[in-house]
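Take a look at the structure set out below.
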Amino acid sequence: MNDDLLLADPRALRILALTQVPRCAREIAYAAGIPVVDVYRRINALRDRGYLSVAFVRHGHRGNSVRMWISTVSRVWISFMSGVPRMQVHARSEMIIELASERR
């Protein structure tokens with residue numbers, strides 16, 4: 001899936017919106033009303049393109065590791081110049097991402 005198709009996906013955009021603060025995949029699935037399997041599929045695609053990163057790893061009740069995801073994107077704009085869709089993605093500042101990863 002290329003960037004345009006990924007960012008045109010309402011579920012992927014919802015995940016980016018929900019991860020403006022660190023969240024695990026289960027929290028994202030619950031808040032968005034999306035099955036966890038679909039959330040993981042989109043998290044992997046968003047991560048591969050640099051739109052999501054791991055803010056920190058939290059240790060669960062059963063001793064398992066839970067990744068807390070944060071969006072590296074602050075804004076996605078879609079415009080139609082001369083009838084051609086054009087997408088602009090604005091990155092978050094490194095300061096915000098760093099502060100989120102320090103929060104444990």
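Order determines the names: the first chain of the structure tokens is A, the second B, and so forth; residues in each chain are numbered 1 upward, and ligands are numbered 1 upward as they are shown.
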
Quiz item: range 15-24 of chain A: which residues within 10 Å, counting only C-alpha atoms, same-chain residues fewer than 3 positions away excluded, as a ChimeraX atom specification?
Solution: /A:7,10-12,27-29,31-32,34,39,42-43,46,51-58,66-76,92,96-97,100-101,103

Quiz item: Which of range 14-94 of chain A counts as alpha helix (DSSP H) under DSSP, as a PyMOL selection string please?
Solution: chain A and resi 14-18+25-32+36-48+94

Dump C-alpha atoms for the selected residues as an mmCIF file, in the first residue's frame?
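Okay, selection-v4.cif is ready:
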```cif
data_model
loop_
_atom_site.group_PDB
_atom_site.id
_atom_site.type_symbol
_atom_site.label_atom_id
_atom_site.label_comp_id
_atom_site.auth_asym_id
_atom_site.auth_seq_id
_atom_site.Cartn_x
_atom_site.Cartn_y
_atom_site.Cartn_z
ATOM 1 C CA ARG A 14 -8.037 7.555 13.111
ATOM 2 C CA ILE A 15 -4.996 5.705 14.480
ATOM 3 C CA LEU A 16 -2.785 8.732 13.754
ATOM 4 C CA ALA A 17 -5.294 10.972 15.543
ATOM 5 C CA LEU A 18 -5.496 8.692 18.584
ATOM 6 C CA ALA A 25 -2.695 -1.222 20.208
ATOM 7 C CA ARG A 26 -5.513 -2.454 22.465
ATOM 8 C CA GLU A 27 -6.278 1.085 23.655
ATOM 9 C CA ILE A 28 -6.338 2.262 20.046
ATOM 10 C CA ALA A 29 -8.648 -0.590 19.038
ATOM 11 C CA TYR A 30 -11.043 0.142 21.902
ATOM 12 C CA ALA A 31 -11.104 3.918 21.334
ATOM 13 C CA ALA A 32 -11.519 3.611 17.552
ATOM 14 C CA VAL A 36 -7.157 -5.338 17.136
ATOM 15 C CA VAL A 37 -5.977 -7.326 14.098
ATOM 16 C CA ASP A 38 -6.781 -4.379 11.809
ATOM 17 C CA VAL A 39 -5.086 -1.973 14.218
ATOM 18 C CA TYR A 40 -1.867 -4.032 14.171
ATOM 19 C CA ARG A 41 -1.962 -4.236 10.362
ATOM 20 C CA ARG A 42 -2.229 -0.458 10.059
ATOM 21 C CA ILE A 43 0.284 0.193 12.857
ATOM 22 C CA ASN A 44 2.832 -1.880 10.929
ATOM 23 C CA ALA A 45 2.137 -0.002 7.692
ATOM 24 C CA LEU A 46 2.275 3.404 9.443
ATOM 25 C CA ARG A 47 5.473 2.445 11.274
ATOM 26 C CA ASP A 48 7.135 1.204 8.073
ATOM 27 C CA GLU A 94 11.258 16.100 17.806
#
```

DSSP on the backbone: what in chain A comes out strand (DSSP E or B), as a PDB file with N, CA and C atoms, in the first residue's frame?
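Output contents, as saved in out.pdb:
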```
ATOM      1  N   ARG A  23      -0.271   5.441  23.112  1.00  0.00           N
ATOM      2  CA  ARG A  23      -1.305   4.434  23.378  1.00  0.00           C
ATOM      3  C   ARG A  23      -0.817   3.078  22.873  1.00  0.00           C
ATOM      4  N   LEU A  52       4.454   6.422  12.536  1.00  0.00           N
ATOM      5  CA  LEU A  52       4.292   6.010  13.933  1.00  0.00           C
ATOM      6  C   LEU A  52       5.639   5.515  14.445  1.00  0.00           C
ATOM      7  N   SER A  53       5.865   5.710  15.736  1.00  0.00           N
ATOM      8  CA  SER A  53       7.053   5.131  16.355  1.00  0.00           C
ATOM      9  C   SER A  53       6.695   4.695  17.773  1.00  0.00           C
ATOM     10  N   VAL A  54       7.557   3.899  18.339  1.00  0.00           N
ATOM     11  CA  VAL A  54       7.349   3.432  19.711  1.00  0.00           C
ATOM     12  C   VAL A  54       7.800   4.544  20.652  1.00  0.00           C
ATOM     13  N   ALA A  55       6.872   5.042  21.468  1.00  0.00           N
ATOM     14  CA  ALA A  55       7.206   6.091  22.437  1.00  0.00           C
ATOM     15  C   ALA A  55       7.988   5.482  23.605  1.00  0.00           C
ATOM     16  N   PHE A  56       7.498   4.352  24.088  1.00  0.00           N
ATOM     17  CA  PHE A  56       8.174   3.613  25.155  1.00  0.00           C
ATOM     18  C   PHE A  56       7.537   2.240  25.256  1.00  0.00           C
ATOM     19  N   VAL A  57       8.152   1.366  26.021  1.00  0.00           N
ATOM     20  CA  VAL A  57       7.621   0.021  26.239  1.00  0.00           C
ATOM     21  C   VAL A  57       7.197  -0.076  27.689  1.00  0.00           C
ATOM     22  N   ARG A  58       5.950  -0.474  27.879  1.00  0.00           N
ATOM     23  CA  ARG A  58       5.398  -0.647  29.222  1.00  0.00           C
ATOM     24  C   ARG A  58       5.339  -2.143  29.502  1.00  0.00           C
ATOM     25  N   HIS A  59       5.619  -2.511  30.727  1.00  0.00           N
ATOM     26  CA  HIS A  59       5.566  -3.928  31.096  1.00  0.00           C
ATOM     27  C   HIS A  59       4.193  -4.240  31.673  1.00  0.00           C
ATOM     28  N   SER A  65       5.688  -7.361  27.404  1.00  0.00           N
ATOM     29  CA  SER A  65       6.029  -5.996  27.005  1.00  0.00           C
ATOM     30  C   SER A  65       4.932  -5.446  26.109  1.00  0.00           C
ATOM     31  N   VAL A  66       4.520  -4.221  26.383  1.00  0.00           N
ATOM     32  CA  VAL A  66       3.472  -3.570  25.601  1.00  0.00           C
ATOM     33  C   VAL A  66       4.060  -2.302  24.990  1.00  0.00           C
ATOM     34  N   ARG A  67       4.051  -2.235  23.661  1.00  0.00           N
ATOM     35  CA  ARG A  67       4.563  -1.042  22.982  1.00  0.00           C
ATOM     36  C   ARG A  67       3.524   0.065  23.041  1.00  0.00           C
ATOM     37  N   MET A  68       3.977   1.239  23.396  1.00  0.00           N
ATOM     38  CA  MET A  68       3.130   2.430  23.409  1.00  0.00           C
ATOM     39  C   MET A  68       3.507   3.247  22.179  1.00  0.00           C
ATOM     40  N   TRP A  69       2.549   3.444  21.284  1.00  0.00           N
ATOM     41  CA  TRP A  69       2.790   4.076  19.996  1.00  0.00           C
ATOM     42  C   TRP A  69       2.479   5.564  20.042  1.00  0.00           C
ATOM     43  N   ILE A  70       3.249   6.345  19.295  1.00  0.00           N
ATOM     44  CA  ILE A  70       2.986   7.774  19.158  1.00  0.00           C
ATOM     45  C   ILE A  70       3.134   8.162  17.691  1.00  0.00           C
ATOM     46  N   SER A  71       2.266   9.041  17.266  1.00  0.00           N
ATOM     47  CA  SER A  71       2.310   9.523  15.886  1.00  0.00           C
ATOM     48  C   SER A  71       3.476  10.483  15.703  1.00  0.00           C
ATOM     49  N   VAL A  73       3.321  12.406  13.111  1.00  0.00           N
ATOM     50  CA  VAL A  73       2.641  13.327  12.202  1.00  0.00           C
ATOM     51  C   VAL A  73       1.746  14.264  13.005  1.00  0.00           C
ATOM     52  N   SER A  74       1.823  15.559  12.709  1.00  0.00           N
ATOM     53  CA  SER A  74       0.928  16.501  13.374  1.00  0.00           C
ATOM     54  C   SER A  74      -0.260  16.871  12.493  1.00  0.00           C
ATOM     55  N   ARG A  75      -0.087  16.749  11.165  1.00  0.00           N
ATOM     56  CA  ARG A  75      -1.126  17.216  10.262  1.00  0.00           C
ATOM     57  C   ARG A  75      -1.019  16.503   8.922  1.00  0.00           C
ATOM     58  N   VAL A  76      -2.166  16.138   8.362  1.00  0.00           N
ATOM     59  CA  VAL A  76      -2.231  15.601   7.009  1.00  0.00           C
ATOM     60  C   VAL A  76      -3.196  16.488   6.236  1.00  0.00           C
ATOM     61  N   TRP A  77      -2.711  17.066   5.147  1.00  0.00           N
ATOM     62  CA  TRP A  77      -3.546  17.927   4.309  1.00  0.00           C
ATOM     63  C   TRP A  77      -3.714  17.281   2.954  1.00  0.00           C
ATOM     64  N   ILE A  78      -4.925  17.298   2.460  1.00  0.00           N
ATOM     65  CA  ILE A  78      -5.189  16.846   1.099  1.00  0.00           C
ATOM     66  C   ILE A  78      -5.800  18.024   0.365  1.00  0.00           C
ATOM     67  N   SER A  79      -5.177  18.390  -0.741  1.00  0.00           N
ATOM     68  CA  SER A  79      -5.704  19.495  -1.546  1.00  0.00           C
ATOM     69  C   SER A  79      -5.865  19.009  -2.981  1.00  0.00           C
ATOM     70  N   PHE A  80      -6.663  19.711  -3.727  1.00  0.00           N
ATOM     71  CA  PHE A  80      -6.923  19.358  -5.117  1.00  0.00           C
ATOM     72  C   PHE A  80      -6.528  20.540  -5.995  1.00  0.00           C
ATOM     73  N   MET A  81      -5.277  20.549  -6.386  1.00  0.00           N
ATOM     74  CA  MET A  81      -4.753  21.596  -7.245  1.00  0.00           C
ATOM     75  C   MET A  81      -4.891  21.145  -8.695  1.00  0.00           C
ATOM     76  N   VAL A  84      -5.962  17.577  -9.371  1.00  0.00           N
ATOM     77  CA  VAL A  84      -5.084  16.474  -8.982  1.00  0.00           C
ATOM     78  C   VAL A  84      -4.918  16.496  -7.468  1.00  0.00           C
ATOM     79  N   PRO A  85      -5.252  15.380  -6.795  1.00  0.00           N
ATOM     80  CA  PRO A  85      -5.071  15.375  -5.342  1.00  0.00           C
ATOM     81  C   PRO A  85      -3.594  15.467  -4.967  1.00  0.00           C
ATOM     82  N   ARG A  86      -3.327  16.289  -3.986  1.00  0.00           N
ATOM     83  CA  ARG A  86      -1.957  16.457  -3.485  1.00  0.00           C
ATOM     84  C   ARG A  86      -1.993  16.314  -1.972  1.00  0.00           C
ATOM     85  N   MET A  87      -1.112  15.498  -1.434  1.00  0.00           N
ATOM     86  CA  MET A  87      -1.093  15.239  -0.005  1.00  0.00           C
ATOM     87  C   MET A  87       0.159  15.836   0.618  1.00  0.00           C
ATOM     88  N   GLN A  88      -0.031  16.508   1.743  1.00  0.00           N
ATOM     89  CA  GLN A  88       1.094  17.051   2.499  1.00  0.00           C
ATOM     90  C   GLN A  88       1.016  16.505   3.916  1.00  0.00           C
ATOM     91  N   VAL A  89       2.140  15.993   4.389  1.00  0.00           N
ATOM     92  CA  VAL A  89       2.217  15.441   5.743  1.00  0.00           C
ATOM     93  C   VAL A  89       3.209  16.292   6.516  1.00  0.00           C
ATOM     94  N   HIS A  90       2.775  16.819   7.657  1.00  0.00           N
ATOM     95  CA  HIS A  90       3.640  17.646   8.494  1.00  0.00           C
ATOM     96  C   HIS A  90       4.079  16.840   9.716  1.00  0.00           C
ATOM     97  N   ALA A  91       5.374  16.796   9.911  1.00  0.00           N
ATOM     98  CA  ALA A  91       5.936  16.032  11.031  1.00  0.00           C
ATOM     99  C   ALA A  91       5.797  16.802  12.335  1.00  0.00           C
TER     100      ALA A  91
END
```
